[in-house]
$ cat upload_27.pdb   # PDB, C-alpha atoms
ATOM      1  CA  MET A  56     -36.871   7.535 -17.313
ATOM      2  CA  LEU A  57     -35.244   6.379 -20.540
ATOM      3  CA  ILE A  58     -31.613   5.437 -20.851
ATOM      4  CA  PRO A  59     -30.438   8.670 -22.589
ATOM      5  CA  GLU A  60     -32.110  10.791 -19.898
ATOM      6  CA  PHE A  61     -30.630   8.595 -17.209
ATOM      7  CA  CYS A  62     -27.173   9.122 -18.765
ATOM      8  CA  ASP A  63     -27.679  12.880 -18.758
ATOM      9  CA  TRP A  64     -28.781  12.814 -15.153
ATOM     10  CA  LEU A  65     -25.935  10.510 -14.082
ATOM     11  CA  SER A  66     -23.289  12.537 -15.896
ATOM     12  CA  GLN A  67     -24.401  15.648 -13.979
ATOM     13  CA  THR A  68     -24.042  14.056 -10.551
ATOM     14  CA  ARG A  69     -21.162  14.926  -8.267
ATOM     15  CA  ALA A  70     -19.945  11.302  -8.354
ATOM     16  CA  SER A  71     -19.662  11.339 -12.146
ATOM     17  CA  GLU A  72     -17.837  14.666 -12.045
ATOM     18  CA  VAL A  73     -15.307  13.295  -9.553
ATOM     19  CA  VAL A  74     -14.670  10.054 -11.475
ATOM     20  CA  SER A  75     -14.283  11.792 -14.822
ATOM     21  CA  THR A  76     -12.172  14.744 -13.687
ATOM     22  CA  VAL A  77      -9.762  13.167 -11.185
ATOM     23  CA  THR A  78      -7.117  11.947 -13.639
ATOM     24  CA  TRP A  79      -6.076   8.689 -11.997
ATOM     25  CA  ILE A  80      -9.508   7.197 -11.214
ATOM     26  CA  ILE A  81     -10.539   5.880 -14.660
ATOM     27  CA  PRO A  82      -7.080   4.514 -15.646
ATOM     28  CA  THR A  83      -6.585   2.792 -12.271
ATOM     29  CA  THR A  84     -10.101   1.371 -12.320
ATOM     30  CA  GLN A  85      -9.568   0.043 -15.845
ATOM     31  CA  ILE A  86      -6.315  -1.644 -14.794
ATOM     32  CA  VAL A  87      -8.020  -3.349 -11.819
ATOM     33  CA  HIS A  88     -10.828  -4.349 -14.212
ATOM     34  CA  ILE A  89      -8.456  -5.976 -16.730
ATOM     35  CA  VAL A  90      -6.468  -7.745 -13.976
ATOM     36  CA  CYS A  91      -9.742  -9.311 -12.778
ATOM     37  CA  VAL A  92     -10.513 -10.411 -16.336
ATOM     38  CA  THR A  93      -7.119 -12.110 -16.276
ATOM     39  CA  ILE A  94      -7.991 -13.881 -13.034
ATOM     40  CA  ILE A  95     -11.224 -15.227 -14.520
ATOM     41  CA  ILE A  96     -10.376 -16.264 -18.083
ATOM     42  CA  VAL A  97      -7.860 -19.095 -17.556
ATOM     43  CA  PRO A  98      -9.641 -20.979 -14.732
ATOM     44  CA  MET A  99     -12.910 -20.627 -16.629
ATOM     45  CA  LEU A 100     -11.422 -21.931 -19.901
ATOM     46  CA  MET A 101      -9.671 -24.758 -18.023
ATOM     47  CA  LEU A 102     -12.902 -25.786 -16.343
ATOM     48  CA  ASP A 103     -14.789 -25.583 -19.639
ATOM     49  CA  LEU A 104     -12.163 -27.704 -21.419
ATOM     50  CA  ARG A 105     -12.325 -30.165 -18.537
ATOM     51  CA  MET A 106     -16.104 -30.408 -18.897
ATOM     52  CA  ILE A 107     -15.708 -30.956 -22.627
ATOM     53  CA  GLY A 108     -13.227 -33.712 -21.745
ATOM     54  CA  MET A 109     -10.211 -32.228 -23.493
ATOM     55  CA  ARG A 110      -8.020 -31.436 -20.499
ATOM     56  CA  GLY A 111      -7.138 -32.354 -16.935
ATOM     57  CA  THR A 112      -9.145 -35.571 -16.907
ATOM     58  CA  ASN A 113      -7.012 -36.805 -13.983
ATOM     59  CA  GLN A 114      -9.096 -34.516 -11.735
ATOM     60  CA  SER A 115     -12.835 -34.674 -11.163
ATOM     61  CA  ILE A 116     -14.952 -31.817 -12.465
ATOM     62  CA  ALA A 117     -16.135 -31.199  -8.903
ATOM     63  CA  ALA A 118     -12.558 -30.865  -7.573
ATOM     64  CA  MET A 119     -11.670 -28.407 -10.308
ATOM     65  CA  ALA A 120     -14.884 -26.399  -9.954
ATOM     66  CA  ASN A 121     -14.514 -26.177  -6.179
ATOM     67  CA  ARG A 122     -10.985 -24.900  -6.635
ATOM     68  CA  PHE A 123     -11.757 -22.405  -9.405
ATOM     69  CA  ILE A 124     -15.318 -21.120  -9.099
ATOM     70  CA  PRO A 125     -15.198 -19.429  -5.638
ATOM     71  CA  PRO A 126     -12.340 -17.027  -6.604
ATOM     72  CA  ILE A 127     -14.194 -16.341  -9.842
ATOM     73  CA  TRP A 128     -17.163 -14.922  -7.907
ATOM     74  CA  VAL A 129     -14.780 -12.618  -6.027
ATOM     75  CA  ALA A 130     -13.216 -11.422  -9.291
ATOM     76  CA  LEU A 131     -16.669 -11.010 -10.871
ATOM     77  CA  THR A 132     -17.786  -8.871  -7.947
ATOM     78  CA  ILE A 133     -14.732  -6.626  -8.321
ATOM     79  CA  LEU A 134     -15.353  -6.497 -12.084
ATOM     80  CA  PHE A 135     -18.920  -5.416 -11.431
ATOM     81  CA  LEU A 136     -17.896  -2.709  -8.937
ATOM     82  CA  THR A 137     -15.109  -1.320 -11.130
ATOM     83  CA  GLY A 138     -17.535  -1.467 -14.063
ATOM     84  CA  VAL A 139     -20.012   0.623 -12.061
ATOM     85  CA  VAL A 140     -17.291   3.212 -11.348
ATOM     86  CA  LEU A 141     -16.386   3.400 -15.056
ATOM     87  CA  THR A 142     -20.060   3.759 -15.978
ATOM     88  CA  ILE A 143     -20.577   6.537 -13.428
ATOM     89  CA  GLY A 144     -17.578   8.348 -14.911
ATOM     90  CA  GLU A 145     -18.696   8.060 -18.534
ATOM     91  CA  PRO A 146     -22.392   7.026 -18.595
ATOM     92  CA  GLY A 147     -22.934   7.705 -22.313
ATOM     93  CA  ARG A 148     -19.840   5.788 -23.396
ATOM     94  CA  GLU A 149     -21.163   2.664 -21.691
ATOM     95  CA  LEU A 150     -24.944   2.710 -21.417
ATOM     96  CA  LEU A 151     -25.581   3.992 -24.940
ATOM     97  CA  SER A 152     -23.151   1.548 -26.544
ATOM     98  CA  ASP A 153     -24.448  -1.594 -28.268
ATOM     99  CA  ALA A 154     -21.207  -3.389 -27.441
ATOM    100  CA  PHE A 155     -21.707  -2.572 -23.756
ATOM    101  CA  ARG A 156     -25.359  -3.667 -23.726
ATOM    102  CA  LEU A 157     -24.555  -6.937 -25.478
ATOM    103  CA  LYS A 158     -21.682  -7.479 -23.068
ATOM    104  CA  MET A 159     -24.007  -7.053 -20.059
ATOM    105  CA  VAL A 160     -26.492  -9.570 -21.472
ATOM    106  CA  MET A 161     -23.663 -12.061 -22.015
ATOM    107  CA  VAL A 162     -22.239 -11.448 -18.530
ATOM    108  CA  ALA A 163     -25.657 -12.120 -16.990
ATOM    109  CA  ALA A 164     -25.994 -15.303 -19.062
ATOM    110  CA  VAL A 165     -22.559 -16.636 -18.151
ATOM    111  CA  ALA A 166     -23.075 -15.817 -14.464
ATOM    112  CA  VAL A 167     -26.291 -17.866 -14.500
ATOM    113  CA  ILE A 168     -24.516 -20.745 -16.273
ATOM    114  CA  THR A 169     -21.594 -20.692 -13.817
ATOM    115  CA  TYR A 170     -23.984 -20.660 -10.872
ATOM    116  CA  PHE A 171     -25.860 -23.586 -12.414
ATOM    117  CA  VAL A 172     -22.623 -25.586 -12.900
ATOM    118  CA  GLN A 173     -21.618 -24.952  -9.285
ATOM    119  CA  ARG A 174     -25.098 -25.628  -7.937
ATOM    120  CA  ARG A 175     -25.435 -29.025  -9.628
ATOM    121  CA  ILE A 176     -22.055 -30.100  -8.233
ATOM    122  CA  LYS A 177     -23.125 -29.136  -4.736
ATOM    123  CA  SER A 178     -26.159 -31.390  -4.800
ATOM    124  CA  GLU A 179     -24.453 -34.200  -6.753
ATOM    125  CA  PRO A 180     -20.627 -34.151  -7.145
ATOM    126  CA  THR A 181     -20.616 -36.417 -10.224
ATOM    127  CA  PHE A 182     -23.516 -34.611 -11.906
ATOM    128  CA  TRP A 183     -21.459 -33.423 -14.917
ATOM    129  CA  GLU A 184     -19.454 -36.636 -15.332
ATOM    130  CA  SER A 185     -22.695 -38.581 -15.613
ATOM    131  CA  ARG A 186     -24.103 -36.185 -18.218
ATOM    132  CA  PRO A 187     -21.216 -35.680 -20.678
ATOM    133  CA  GLY A 188     -23.439 -34.381 -23.477
ATOM    134  CA  LEU A 189     -25.012 -31.646 -21.372
ATOM    135  CA  ALA A 190     -21.584 -30.849 -19.867
ATOM    136  CA  LYS A 191     -20.113 -30.318 -23.346
ATOM    137  CA  VAL A 192     -22.919 -27.992 -24.440
ATOM    138  CA  VAL A 193     -22.807 -25.935 -21.220
ATOM    139  CA  ALA A 194     -19.007 -25.664 -21.352
ATOM    140  CA  LEU A 195     -18.969 -24.677 -25.006
ATOM    141  CA  VAL A 196     -21.586 -21.963 -24.439
ATOM    142  CA  SER A 197     -19.620 -20.704 -21.440
ATOM    143  CA  MET A 198     -16.369 -20.541 -23.451
ATOM    144  CA  VAL A 199     -17.976 -18.727 -26.366
ATOM    145  CA  LEU A 200     -19.600 -16.257 -23.963
ATOM    146  CA  TRP A 201     -16.345 -15.456 -22.125
ATOM    147  CA  LEU A 202     -14.424 -14.865 -25.352
ATOM    148  CA  SER A 203     -17.258 -12.723 -26.708
ATOM    149  CA  ILE A 204     -17.470 -10.736 -23.459
ATOM    150  CA  LEU A 205     -13.768  -9.930 -23.671
ATOM    151  CA  THR A 206     -14.093  -8.897 -27.318
ATOM    152  CA  ALA A 207     -17.198  -6.788 -26.684
ATOM    153  CA  GLY A 208     -15.427  -5.096 -23.763
ATOM    154  CA  ARG A 209     -12.515  -4.091 -25.972
ATOM    155  CA  MET A 210     -14.895  -2.961 -28.714
ATOM    156  CA  ILE A 211     -16.658  -0.467 -26.401
ATOM    157  CA  ALA A 212     -13.563   1.721 -26.752
ATOM    158  CA  TYR A 213     -13.469   1.446 -30.552
ATOM    159  CA  LEU A 214     -17.146   1.966 -31.244
ATOM    160  CA  GLU A 215     -17.241   4.978 -28.918
ATOM    161  CA  HIS A 216     -17.600   7.500 -31.725
ATOM    162  CA  GLY A 217     -19.275   5.221 -34.232
TER     163      GLY A 217
ATOM    164  CA  MET B 632      21.310   1.175 -39.929
ATOM    165  CA  ASP B 633      20.596   2.443 -36.400
ATOM    166  CA  VAL B 634      17.557   1.732 -34.245
ATOM    167  CA  PRO B 635      15.422   4.787 -35.173
ATOM    168  CA  ASN B 636      15.895   3.918 -38.858
ATOM    169  CA  ILE B 637      14.787   0.339 -38.269
ATOM    170  CA  ILE B 638      11.754   1.602 -36.350
ATOM    171  CA  GLN B 639      10.885   3.967 -39.211
ATOM    172  CA  TRP B 640      11.368   1.185 -41.762
ATOM    173  CA  LEU B 641       9.091  -1.165 -39.762
ATOM    174  CA  TYR B 642       6.496   1.605 -39.512
ATOM    175  CA  ASP B 643       6.626   2.164 -43.287
ATOM    176  CA  THR B 644       6.243  -1.476 -44.317
ATOM    177  CA  SER B 645       2.993  -2.251 -46.105
ATOM    178  CA  LEU B 646       2.156  -4.737 -43.330
ATOM    179  CA  ALA B 647       2.397  -2.029 -40.651
ATOM    180  CA  THR B 648       0.509   0.466 -42.795
ATOM    181  CA  GLY B 649      -2.202  -2.075 -43.524
ATOM    182  CA  ILE B 650      -2.735  -2.798 -39.827
ATOM    183  CA  ARG B 651      -2.629   0.876 -38.881
ATOM    184  CA  GLU B 652      -5.185   1.978 -41.427
ATOM    185  CA  SER B 653      -7.752  -0.775 -41.069
ATOM    186  CA  PHE B 654      -9.946  -2.748 -38.748
ATOM    187  CA  TRP B 655      -7.013  -5.129 -38.257
ATOM    188  CA  PHE B 656      -5.682  -3.029 -35.403
ATOM    189  CA  PRO B 657      -8.674  -3.451 -33.031
ATOM    190  CA  GLY B 658      -8.894  -7.098 -34.081
ATOM    191  CA  ILE B 659      -5.252  -7.859 -33.345
ATOM    192  CA  GLU B 660      -5.451  -5.825 -30.158
ATOM    193  CA  THR B 661      -8.418  -7.822 -28.885
ATOM    194  CA  PHE B 662      -6.490 -10.999 -29.664
ATOM    195  CA  HIS B 663      -3.452  -9.577 -27.835
ATOM    196  CA  VAL B 664      -5.570  -8.840 -24.744
ATOM    197  CA  LEU B 665      -6.973 -12.367 -24.851
ATOM    198  CA  ALA B 666      -3.472 -13.848 -25.189
ATOM    199  CA  ILE B 667      -2.135 -11.741 -22.310
ATOM    200  CA  THR B 668      -5.000 -12.660 -20.000
ATOM    201  CA  ASN B 669      -4.094 -16.280 -20.753
ATOM    202  CA  VAL B 670      -0.378 -15.761 -20.115
ATOM    203  CA  VAL B 671      -0.886 -13.913 -16.851
ATOM    204  CA  GLY B 672      -3.924 -15.862 -15.707
ATOM    205  CA  SER B 673      -2.064 -19.158 -16.042
ATOM    206  CA  ILE B 674       1.132 -17.848 -14.424
ATOM    207  CA  MET B 675      -0.985 -16.542 -11.527
ATOM    208  CA  ILE B 676      -2.226 -20.067 -10.777
ATOM    209  CA  LEU B 677       1.374 -21.172 -10.324
ATOM    210  CA  ASP B 678       2.441 -18.024  -8.444
ATOM    211  CA  LEU B 679      -0.410 -18.447  -5.971
ATOM    212  CA  ARG B 680       0.643 -22.063  -5.422
ATOM    213  CA  LEU B 681       4.247 -20.966  -4.796
ATOM    214  CA  LEU B 682       2.900 -18.341  -2.379
ATOM    215  CA  ASN B 683       0.928 -21.036  -0.483
ATOM    216  CA  ILE B 684      -2.308 -19.224  -1.238
ATOM    217  CA  ALA B 685      -4.132 -21.514  -3.685
ATOM    218  CA  SER B 686      -4.083 -25.105  -5.036
ATOM    219  CA  ARG B 687      -2.178 -26.054  -1.889
ATOM    220  CA  ASN B 688      -3.073 -29.737  -2.037
ATOM    221  CA  ARG B 689      -1.713 -30.108  -5.567
ATOM    222  CA  PRO B 690       1.904 -31.149  -6.186
ATOM    223  CA  VAL B 691       3.895 -28.253  -7.629
ATOM    224  CA  ARG B 692       5.373 -30.249 -10.522
ATOM    225  CA  GLU B 693       1.994 -31.630 -11.540
ATOM    226  CA  LEU B 694       0.488 -28.151 -11.499
ATOM    227  CA  MET B 695       3.417 -26.814 -13.538
ATOM    228  CA  SER B 696       3.091 -29.453 -16.235
ATOM    229  CA  GLU B 697      -0.609 -28.656 -16.431
ATOM    230  CA  VAL B 698      -0.264 -24.873 -16.523
ATOM    231  CA  LEU B 699       3.019 -24.056 -18.295
ATOM    232  CA  PRO B 700       2.148 -25.384 -21.792
ATOM    233  CA  TRP B 701      -0.881 -23.091 -21.628
ATOM    234  CA  THR B 702       1.365 -20.198 -20.576
ATOM    235  CA  TRP B 703       3.915 -20.742 -23.353
ATOM    236  CA  ILE B 704       1.395 -21.130 -26.157
ATOM    237  CA  SER B 705      -0.350 -17.963 -24.974
ATOM    238  CA  PHE B 706       2.992 -16.192 -24.646
ATOM    239  CA  VAL B 707       3.945 -16.960 -28.251
ATOM    240  CA  LEU B 708       0.539 -15.668 -29.399
ATOM    241  CA  ALA B 709       0.905 -12.551 -27.216
ATOM    242  CA  VAL B 710       4.378 -11.769 -28.571
ATOM    243  CA  SER B 711       3.341 -12.310 -32.211
ATOM    244  CA  SER B 712       0.244 -10.141 -31.916
ATOM    245  CA  GLY B 713       2.224  -7.627 -29.845
ATOM    246  CA  PHE B 714       4.853  -7.403 -32.588
ATOM    247  CA  LEU B 715       2.200  -6.678 -35.213
ATOM    248  CA  LEU B 716       0.679  -3.973 -33.005
ATOM    249  CA  PHE B 717       4.143  -2.565 -32.343
ATOM    250  CA  ILE B 718       5.192  -2.168 -35.986
ATOM    251  CA  SER B 719       1.870  -0.539 -36.872
ATOM    252  CA  ARG B 720       2.685   2.319 -34.489
ATOM    253  CA  ALA B 721       6.405   1.782 -34.027
ATOM    254  CA  ILE B 722       7.340   5.457 -34.142
ATOM    255  CA  ASN B 723       4.840   6.164 -31.328
ATOM    256  CA  TYR B 724       5.611   3.150 -29.156
ATOM    257  CA  TYR B 725       9.390   3.055 -29.439
ATOM    258  CA  PRO B 726      10.021   6.373 -27.591
ATOM    259  CA  SER B 727       7.131   5.912 -25.123
ATOM    260  CA  TRP B 728       8.204   5.334 -21.522
ATOM    261  CA  PRO B 729       5.334   2.994 -20.519
ATOM    262  CA  PHE B 730       6.269   0.824 -23.506
ATOM    263  CA  ARG B 731       9.939   0.766 -22.512
ATOM    264  CA  VAL B 732       9.096   0.024 -18.873
ATOM    265  CA  LYS B 733       6.852  -2.814 -20.052
ATOM    266  CA  MET B 734       9.692  -4.351 -22.095
ATOM    267  CA  LEU B 735      12.078  -3.977 -19.148
ATOM    268  CA  LEU B 736       9.582  -5.643 -16.778
ATOM    269  CA  LEU B 737       9.223  -8.512 -19.262
ATOM    270  CA  VAL B 738      12.998  -8.995 -19.095
ATOM    271  CA  PHE B 739      12.824  -8.972 -15.277
ATOM    272  CA  ALA B 740      10.028 -11.564 -15.361
ATOM    273  CA  GLY B 741      12.228 -13.698 -17.630
ATOM    274  CA  VAL B 742      15.216 -13.400 -15.297
ATOM    275  CA  ASN B 743      13.026 -14.283 -12.303
ATOM    276  CA  MET B 744      11.742 -17.331 -14.161
ATOM    277  CA  ILE B 745      15.226 -18.503 -15.210
ATOM    278  CA  PHE B 746      16.516 -18.049 -11.653
ATOM    279  CA  PHE B 747      13.577 -20.052 -10.299
ATOM    280  CA  HIS B 748      14.047 -22.907 -12.778
ATOM    281  CA  LEU B 749      17.816 -23.138 -12.502
ATOM    282  CA  ILE B 750      18.221 -22.677  -8.749
ATOM    283  CA  THR B 751      15.084 -22.790  -6.597
ATOM    284  CA  PHE B 752      13.481 -25.564  -8.613
ATOM    285  CA  ARG B 753      16.501 -27.893  -8.281
ATOM    286  CA  ASP B 754      15.327 -29.348  -4.969
ATOM    287  CA  VAL B 755      11.627 -29.364  -5.883
ATOM    288  CA  HIS B 756      11.449 -33.079  -5.048
ATOM    289  CA  LEU B 757      11.802 -32.031  -1.391
ATOM    290  CA  TRP B 758       8.798 -29.685  -1.380
ATOM    291  CA  ASP B 759       6.728 -30.822  -4.358
ATOM    292  CA  HIS B 760       3.913 -32.117  -2.139
ATOM    293  CA  GLU B 761       4.394 -29.658   0.729
ATOM    294  CA  MET B 762       1.600 -27.202   1.422
ATOM    295  CA  LYS B 763       4.266 -24.776   2.582
ATOM    296  CA  THR B 764       6.830 -23.947  -0.107
ATOM    297  CA  PRO B 765      10.379 -22.729   0.721
ATOM    298  CA  VAL B 766      11.076 -19.003   1.073
ATOM    299  CA  ALA B 767      12.895 -18.782  -2.286
ATOM    300  CA  ALA B 768       9.869 -20.258  -4.069
ATOM    301  CA  ARG B 769       7.545 -17.848  -2.297
ATOM    302  CA  ILE B 770       9.728 -14.923  -3.321
ATOM    303  CA  ALA B 771       9.757 -16.142  -6.938
ATOM    304  CA  GLY B 772       5.948 -16.381  -6.887
ATOM    305  CA  GLY B 773       5.512 -12.947  -5.318
ATOM    306  CA  VAL B 774       7.963 -11.265  -7.691
ATOM    307  CA  SER B 775       6.339 -12.913 -10.699
ATOM    308  CA  LEU B 776       2.822 -11.930  -9.616
ATOM    309  CA  THR B 777       3.871  -8.313  -9.018
ATOM    310  CA  LEU B 778       5.774  -8.046 -12.296
ATOM    311  CA  TRP B 779       2.955  -9.454 -14.421
ATOM    312  CA  ILE B 780       0.344  -7.157 -12.890
ATOM    313  CA  ALA B 781       2.709  -4.232 -13.534
ATOM    314  CA  ILE B 782       3.181  -5.450 -17.128
ATOM    315  CA  ILE B 783      -0.599  -5.420 -17.657
ATOM    316  CA  ALA B 784      -0.793  -1.923 -16.146
ATOM    317  CA  CYS B 785       2.008  -0.668 -18.432
ATOM    318  CA  GLY B 786       0.317  -2.238 -21.442
ATOM    319  CA  ARG B 787      -2.883  -0.415 -20.594
ATOM    320  CA  ILE B 788      -0.983   2.868 -20.155
ATOM    321  CA  VAL B 789       0.715   2.392 -23.561
ATOM    322  CA  GLY B 790      -2.784   2.280 -25.048
ATOM    323  CA  TRP B 791      -3.711   5.656 -23.603
ATOM    324  CA  THR B 792      -0.477   7.523 -24.061
ATOM    325  CA  ALA B 793       1.145   6.367 -27.280
ATOM    326  CA  SER B 794      -1.574   5.947 -29.894
TER     327      SER B 794
END
$ encode --input "upload_27.pdb" --output "structure tokens"
Amino acid sequence: MLIPEFCDWLSQTRASEVVSTVTWIIPTTQIVHIVCVTIIIVPMLMLDLRMIGMRGTNQSIAAMANRFIPPIWVALTILFLTGVVLTIGEPGRELLSDAFRLKMVMVAAVAVITYFVQRRIKSEPTFWESRPGLAKVVALVSMVLWLSILTAGRMIAYLEHG
Amino acid sequence: MDVPNIIQWLYDTSLATGIRESFWFPGIETFHVLAITNVVGSIMILDLRLLNIASRNRPVRELMSEVLPWTWISFVLAVSSGFLLFISRAINYYPSWPFRVKMLLLVFAGVNMIFFHLITFRDVHLWDHEMKTPVAARIAGGVSLTLWIAIIACGRIVGWTAS
């Protein structure tokens, strides 16, 4: 089954009908979605700037990551679930959009990177301090991805009819 | 000149027209969203500390000096970009109730912040390192958290209803 057919099928399901016709579902879901973005962005940028060495150098990277990364997984899970609801409600708007597809690729990439950062710390708390070059590259990529994800997310709405 | 005239004048400026009729609007809006996530995301870190939920082993003052510059820079960027968005659709936004509620909630958040800094914060040296903050600090954190989430919700509603 190709994506356009899948969209047609999904949009005809009962679930899609409910999400798209009950007035409050999409707005409320979008608000929860954006609040979770808010929860993620600052800790992520702070951690990235810390790994680059520009901020908060009075704390170890491990201390900061242990404080920030676990709540980020919770927020990411809620983002994923609310994203699924929005997609069920308007399959074509999301799945057929380039901005959406690019966003999903970037989300997958940044999730892998974040997991990698956390994983290395678990096996060796000073891993990133002892590899400042690698830490800078990873943090920079993570920052660029988060900012691009946010932009792509906003663009889904604007490129809807384009 | 009364308020509706000023709103109309703002709406008619070439700056507002330029934003309204070009790709500048989505661009500025994306920037505004980014700025707001930074304002609220950084305030949340502090609110959760005041509520004894997160960063409990970090002194409150240290956390504040780390987080608040971030908040204020983001706030200035959010207000500037918000102003540009506002003038581009001033005649739609000015009468819209979600927009007015959002502005009112921003004032409330400001009052809550001033109250916290002038009164609750005065004896911070007593609870700076405490894992458990005093009731007044917890209330300030809870009120702030609630207001900022409501402000985001109103902002989102403005986008659907007044454009």
$ resolve_selection --input "upload_27.pdb" --expression "the ChimeraX specification (/B :<8) & /A" --output "MDAnalysis selection string"
chainID A and resid 82 86 89:90 92:98 111 122 202 205:206 209:210 213
$ atom_distance --input "upload_27.pdb" --atom1 "CA of Val74 in chain A" --atom2 "CA of Val140 in chain A"
7.3 Å
$ atom_distance --input "upload_27.pdb" --atom1 "CA of His88 in chain A" --atom2 "CA of Val139 in chain A"
10.7 Å
$ residues_around --input "upload_27.pdb" --residues "Phe123 in chain A" --least-positions-apart "4" --cutoff "8 Å" --atoms "only C-alpha atoms" --output "PDB file with C-alpha atoms, in the coordinates of the input"
ATOM      1  CA  PRO A  98      -9.641 -20.979 -14.732  1.00  0.00           C
ATOM      2  CA  MET A  99     -12.910 -20.627 -16.629  1.00  0.00           C
ATOM      3  CA  LEU A 102     -12.902 -25.786 -16.343  1.00  0.00           C
ATOM      4  CA  MET A 119     -11.670 -28.407 -10.308  1.00  0.00           C
ATOM      5  CA  ILE A 127     -14.194 -16.341  -9.842  1.00  0.00           C
TER       6      ILE A 127
END
$ residues_around --input "upload_27.pdb" --residues "Arg769 in chain B" --least-positions-apart "4" --cutoff "12 Å" --atoms "only C-alpha atoms" --output "list in words"
Leu677, Asp678, Leu679, Arg680, Leu681, Leu682, Asn683, Ile684, Asn743, Phe747, Thr751, Phe752, Trp758, Met762, Lys763, Thr764, Pro765, Gly773, Val774, Ser775 and Leu776 of chain B
$ closest_residue --input "upload_27.pdb" --among "B:Ile722, B:Ser727, B:Thr777, B:Ile750" --to "Gly790 in chain B" --atoms "all atoms listed in the file"
B:Ser727
$ closest_residue --input "upload_27.pdb" --among "A:Gly147, A:Ile176, A:Met198, A:Thr169" --to "Glu60 in chain A" --atoms "all atoms listed in the file"
A:Gly147
$ residues_around --input "upload_27.pdb" --residues "Asp153 in chain A" --least-positions-apart "3" --cutoff "10 Å" --atoms "only C-alpha atoms" --output "list in words"
Arg148, Glu149, Leu150, Arg156, Leu157, Lys158, Met159, Ala207, Met210, Ile211, Leu214 and Glu215 of chain A
$ residues_around --input "upload_27.pdb" --residues "Phe135 in chain A" --least-positions-apart "6" --cutoff "10 Å" --atoms "all atoms listed in the file" --output "list in words"
His88, Val129, Leu141 and Val162 of chain A
$ atom_distance --input "upload_27.pdb" --atom1 "CA of Ser203 in chain A" --atom2 "CA of Phe182 in chain A"
27.2 Å
$ closest_residue --input "upload_27.pdb" --among "B:His748, B:Glu761, B:Val634, B:Met734" --to "Val710 in chain B" --atoms "all atoms listed in the file"
B:Met734
$ closest_residue --input "upload_27.pdb" --among "B:Ile637, B:Ala768, B:Ile659, B:Ala793" --to "Tyr724 in chain B" --atoms "all atoms listed in the file"
B:Ala793
$ resolve_selection --input "upload_27.pdb" --expression "the PyMOL selection byres ((chain A and resi 106) around 10)" --output "PyMOL selection string"
chain A and resi 100-105+107-112+115-116+119-120+183-184+186-195
